[in-house]
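K.L.:
Have a look at this one before I ask anything.
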Amino acid sequence: MGMTITQKILAKHTGRSFVEPGELIMVDVDLALANDITGPVSIEEFKKAGADKVFDRSKIALIPDHFAPNKDIKSAELCKNLREFAKEQQIEHYYEVGRMGIEHALLPEQGIVLPGDVVIGADSHTCTYGALGAFSTGVGSTDLAFAMMTGKCWFKVPESMKFIFHGKLNPWVTGKDLILHTIGDIGVDGALYKAMEFTGEALSQLTMDERLTMTNMAIEAGGKNGIMEPDEVTLEYVKNRAKRPYEVFKSDEDASYSEIIDYDATKIGPKIALPHLPENVVDVKEAQGIAIDQVVIGSCTNGRLEDMRMAAKVIKGHKVHPYMRLIVIPATQQVYRDMIKEGITEIFIEAGAVVSTPTCGPCLGGYMGILAKGERALSTTNRNFVGRMGHPESEIYLSNPAVAAASAVTGKITHPEEVARDDI
Amino acid sequence: MIFKGKAWTFKDNIDTDVIIPARYLNTTDPKELAAHCMEDVEPEFSKKVAEGDIIVAGKNFGCGSSREHAPLAIKSSGVSCVVAKSFARIFYRNSINIGLPILECEECVDEVSAGDELEIDTDKGVISNLTTGKTYKAKAFPEFISEIINAGGLLGYAKKVGK
């Protein structure tokens, strides 16, 4: 019987020719990642276990991005702890403030994660790298400590679900809308413990940035990993970034899937996830008019250059609504610089937005845009759980960057076609 | 191990932001984390929870973030066990890895009421509702997972197998 791309990558990293769903295996990891919140817990466990050296200093990434630049004294201590460990262990992929970016945007951009890799990270959105054709998934701090010691992680080989997106995308529809549509369809535990394999004609039209948005949110359906077979777009993206060899895997024709779900992309419009679960998905038109206090454009989900270009295109020549805060957070320093070069930063500032240095900040209610009681945010982030961005009685709506930008202009949830002067 | 305590009931999809809001993640101290456990859905939880009490929840418990602070906060609050219809996968791994006993049992969850007295034998996977007199069998762990649990968590297991 054939194997899926997920099975093939796991088999290769177990030194075997075949693995089957349900099997428990010990896998070699190509990269183990932690941040300023999860890293310190891993480091503590690493030391408690009596370890003194990491298994390979070139296969670990430590990135202070969640509460960095330090939001308070306690966060400063966490970042310091991460920095000191990185120094002590000579960790190759440590990125200091000023060079760092949000981990899941930074690692693909810098060519640190590549097709065919097994990547684990003590951050649930580690599933992002599946867009490159890698197996990547979130784990906890103890798993990460174990990986830092041994270079290994245990897994149950997941069953795969296949999602096929047929047809061409409608205007203002992005990878974000496709993944919100999927989560809305199958629910927040619809892919629990499973690999979500995305494919189809509509997908091949997507840029790498949009594909990364889709796999980023596999966890929001409970998925173990999201994954896509590499194509020309992937290889073009990787070409000038990779500094080491990589391998392209594809699913066999006779690979087996627990479920195959077909979507007609021509019937999918821009989407909104209503509070308080990412599965509460409706068309923008159904949520139109809901008053919003704050818009956030950024995060590991939608803080890449394509996202910024799209939002800028909508907001160009407009002003942010008088009582609205529009907070724009480029995900990496590179995105930040490219925004300046392309005049995107100017468009946002001219419109009355704030443009921040890269940080996860408000996405998880850290800082840089906390909500008061009763306030509503429209955000391009990934979760709208109770209290996620601030007060437990605040509300979060999720959307793509174009919808977010349009809504920042009107002060209420708005379809981009009503605001943008040009079509995309 | 046998645990005995009062049931705290929660609905489906209890996420990690509710178990321990990120605004408190600027510390790794389990006691501090425990002080804010569940506060956005059950503000009095940390004050009223007693040593040995048991969380009983619906499906997909622990969905969302990978923060190990979530099972740590629960464990440190005095909760002895979590019973749910299903667990989100990272939460499941984290609980096993840090030695917080978790069990899956749909029937028990459907029939429990808040405050019921429960007794759980984690070795046998048997849950007894002492208030209603009913007994349930939880889903058994795969052998490999049992080995990790018996070694006191993943790093204990690592030492045992000499990794």
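By order in the structure tokens, chains are A, B, ...; within a chain, residues start at 1; ligands start at 1, following the order shown.
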What's the 9 Å shell around Val27 (chain A), counting only C-alpha atoms, without same-chain residues fewer than 3 positions away, as a list in words?
P.N.:
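Within the cut-off, the hits are Leu10, Ala11, Lys12, His13, Thr14, Gly15, Val118, Gly151, Lys152, Cys153, Trp154 and Phe155 of chain A.
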K.L.:
May I have the residues within 10 Å of region 126-132 of chain B as a VMD selection string, using only C-alpha atoms and disregarding those fewer than 2 positions away in the same chain?
P.N.:
chain B and resid 2 to 7 83 103 105 108 111 to 113 115 to 124 134 to 140
K.L.:
Near chain A, which residues of chain B fall within 8 Å when you count only C-alpha atoms, and what do they look like as JSON, numbers by chain?
P.N.:
{"B": [13, 15, 17, 18, 21, 22, 23, 25, 26, 27, 28, 40, 60, 63, 64, 65, 66, 67, 68, 88, 89, 90, 91, 93, 94, 97, 98, 144, 154, 155, 156, 158, 159, 163]}
K.L.:
Could you pull out the residues in region 6-148 of chain B that DSSP calls strand (DSSP E or B) from the backbone, as an MDAnalysis selection string?
P.N.:
chainID B and resid 6:10 15 54:57 61 63 81:84 87 102:104 117:121 126:129 134:137
K.L.:
Quick one: distance from CA of Lys47 (chain B) to CA of Ile396 (chain A) in Å, one decimal?
P.N.:
28.6 Å
K.L.:
Within 12 Å of Glu143 (chain B), counting only C-alpha atoms, which residues show up once you throw out same-chain ones fewer than 4 positions away? Write them as number ranges by chain, please.
P.N.:
A: 23-24; B: 147-150
K.L.:
Show me, as a list of chain:residue names, the residues that have an atom within 7 Å of Lys53 (chain A) when counting only C-alpha atoms, minus same-chain residues fewer than 2 positions from it.
P.N.:
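Counting only C-alpha atoms, the residues come to A:Ala51, A:Phe55, A:Gln89.
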K.L.:
Restricted to C-alpha atoms, what would the selected residues look like written as a PDB file, in the first residue's frame?
P.N.:
```pdb
ATOM      1  CA  ALA A  51      21.752  17.235  30.645  1.00  0.00           C
ATOM      2  CA  PHE A  55      22.402  17.170  20.875  1.00  0.00           C
ATOM      3  CA  GLN A  89      25.034  26.234  24.304  1.00  0.00           C
TER       4      GLN A  89
END
```
K.L.:
Please indicate the distance in Å from CA of Gly101 (chain A) to CA of Glu350 (chain A), rounded to one decimal place.
P.N.:
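Value for the CA of Gly101 (chain A)-CA of Glu350 (chain A) distance: 24.4 Å.
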K.L.:
Please report the interatomic distance between CA of Thr266 (chain A) and CA of Trp172 (chain A) in Å with one decimal.
P.N.:
11.9 Å
K.L.:
Run DSSP on the backbone of this structure and report the residues of region 59-268 of chain A it assigns to alpha helix (DSSP H), as a ChimeraX atom specification.
P.N.:
/A:73-88,103-109,141-150,175-186,201-204,208-216,232-239
K.L.:
As a list of chain:residue names, please: the residues near region 307-322 of chain A (cut-off 7 Å, only C-alpha atoms, same-chain neighbours under 5 positions excluded).
P.N.:
A:Asn302, A:Ile344, A:Ile347, A:Phe348, A:Ala351, A:Gly352, A:Ala353, A:Pro401, A:Ala402, A:Ala405, A:Ala406, A:Ala408, A:Val409, A:Thr410, A:Gly411, A:Pro416, A:Val419, A:Ala420
K.L.:
Env of Ile20 (chain B): 8 Å cut, atoms = only C-alpha atoms, seq-sep filter 3 positions within chain, self excluded. Answer as a ChimeraX atom specification.
P.N.:
/B:16-17,24-25,33,36-39,69-70,73
K.L.:
Using only C-alpha atoms, which of the listed residues (B:Gly153, B:Ser77, B:Phe141, B:Asp110) sits closest to Lys59 (chain B)?
P.N.:
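Nearest to Lys59 (chain B): B:Asp110.
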K.L.:
A:Ala265, A:Val238, A:Ala134, A:Ile186: which is nearest Gly167 (chain A), counting only C-alpha atoms?
P.N.:
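Of A:Ala265, A:Val238, A:Ala134, A:Ile186, the one nearest Gly167 (chain A), counting only C-alpha atoms, is A:Ala265.
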K.L.:
Excluding Glu88 (chain A) and any residue of its chain fewer than 5 positions from it, enumerate the residues within 10 Å of it, using only C-alpha atoms, and give them as a list in words.
P.N.:
Asp52, Lys53, Leu82 and Arg83 of chain A
K.L.:
Please, could you write that set of residues out with N, CA, C and O atoms as a PDB file, in the first residue's frame?
P.N.:
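Below is the file that was written, result_38.pdb:
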```
ATOM      1  N   ASP A  52      23.771  18.425  30.009  1.00  0.00           N
ATOM      2  CA  ASP A  52      24.604  19.624  29.992  1.00  0.00           C
ATOM      3  C   ASP A  52      24.882  20.150  28.589  1.00  0.00           C
ATOM      4  O   ASP A  52      25.322  21.269  28.415  1.00  0.00           O
ATOM      5  N   LYS A  53      24.603  19.338  27.578  1.00  0.00           N
ATOM      6  CA  LYS A  53      24.856  19.796  26.217  1.00  0.00           C
ATOM      7  C   LYS A  53      23.705  19.395  25.296  1.00  0.00           C
ATOM      8  O   LYS A  53      23.207  18.281  25.374  1.00  0.00           O
ATOM      9  N   LEU A  82      16.422  32.631  28.207  1.00  0.00           N
ATOM     10  CA  LEU A  82      16.553  32.047  26.865  1.00  0.00           C
ATOM     11  C   LEU A  82      17.897  32.456  26.244  1.00  0.00           C
ATOM     12  O   LEU A  82      18.621  31.637  25.671  1.00  0.00           O
ATOM     13  N   ARG A  83      18.213  33.748  26.364  1.00  0.00           N
ATOM     14  CA  ARG A  83      19.446  34.293  25.803  1.00  0.00           C
ATOM     15  C   ARG A  83      20.673  33.634  26.428  1.00  0.00           C
ATOM     16  O   ARG A  83      21.609  33.244  25.726  1.00  0.00           O
TER      17      ARG A  83
END
```
K.L.:
My list of candidates is B:Met1, B:Ile54, B:Ile19, B:Glu42. Which is closest to Gly78 (chain B) when distances are computed with only C-alpha atoms?
P.N.:
B:Ile54
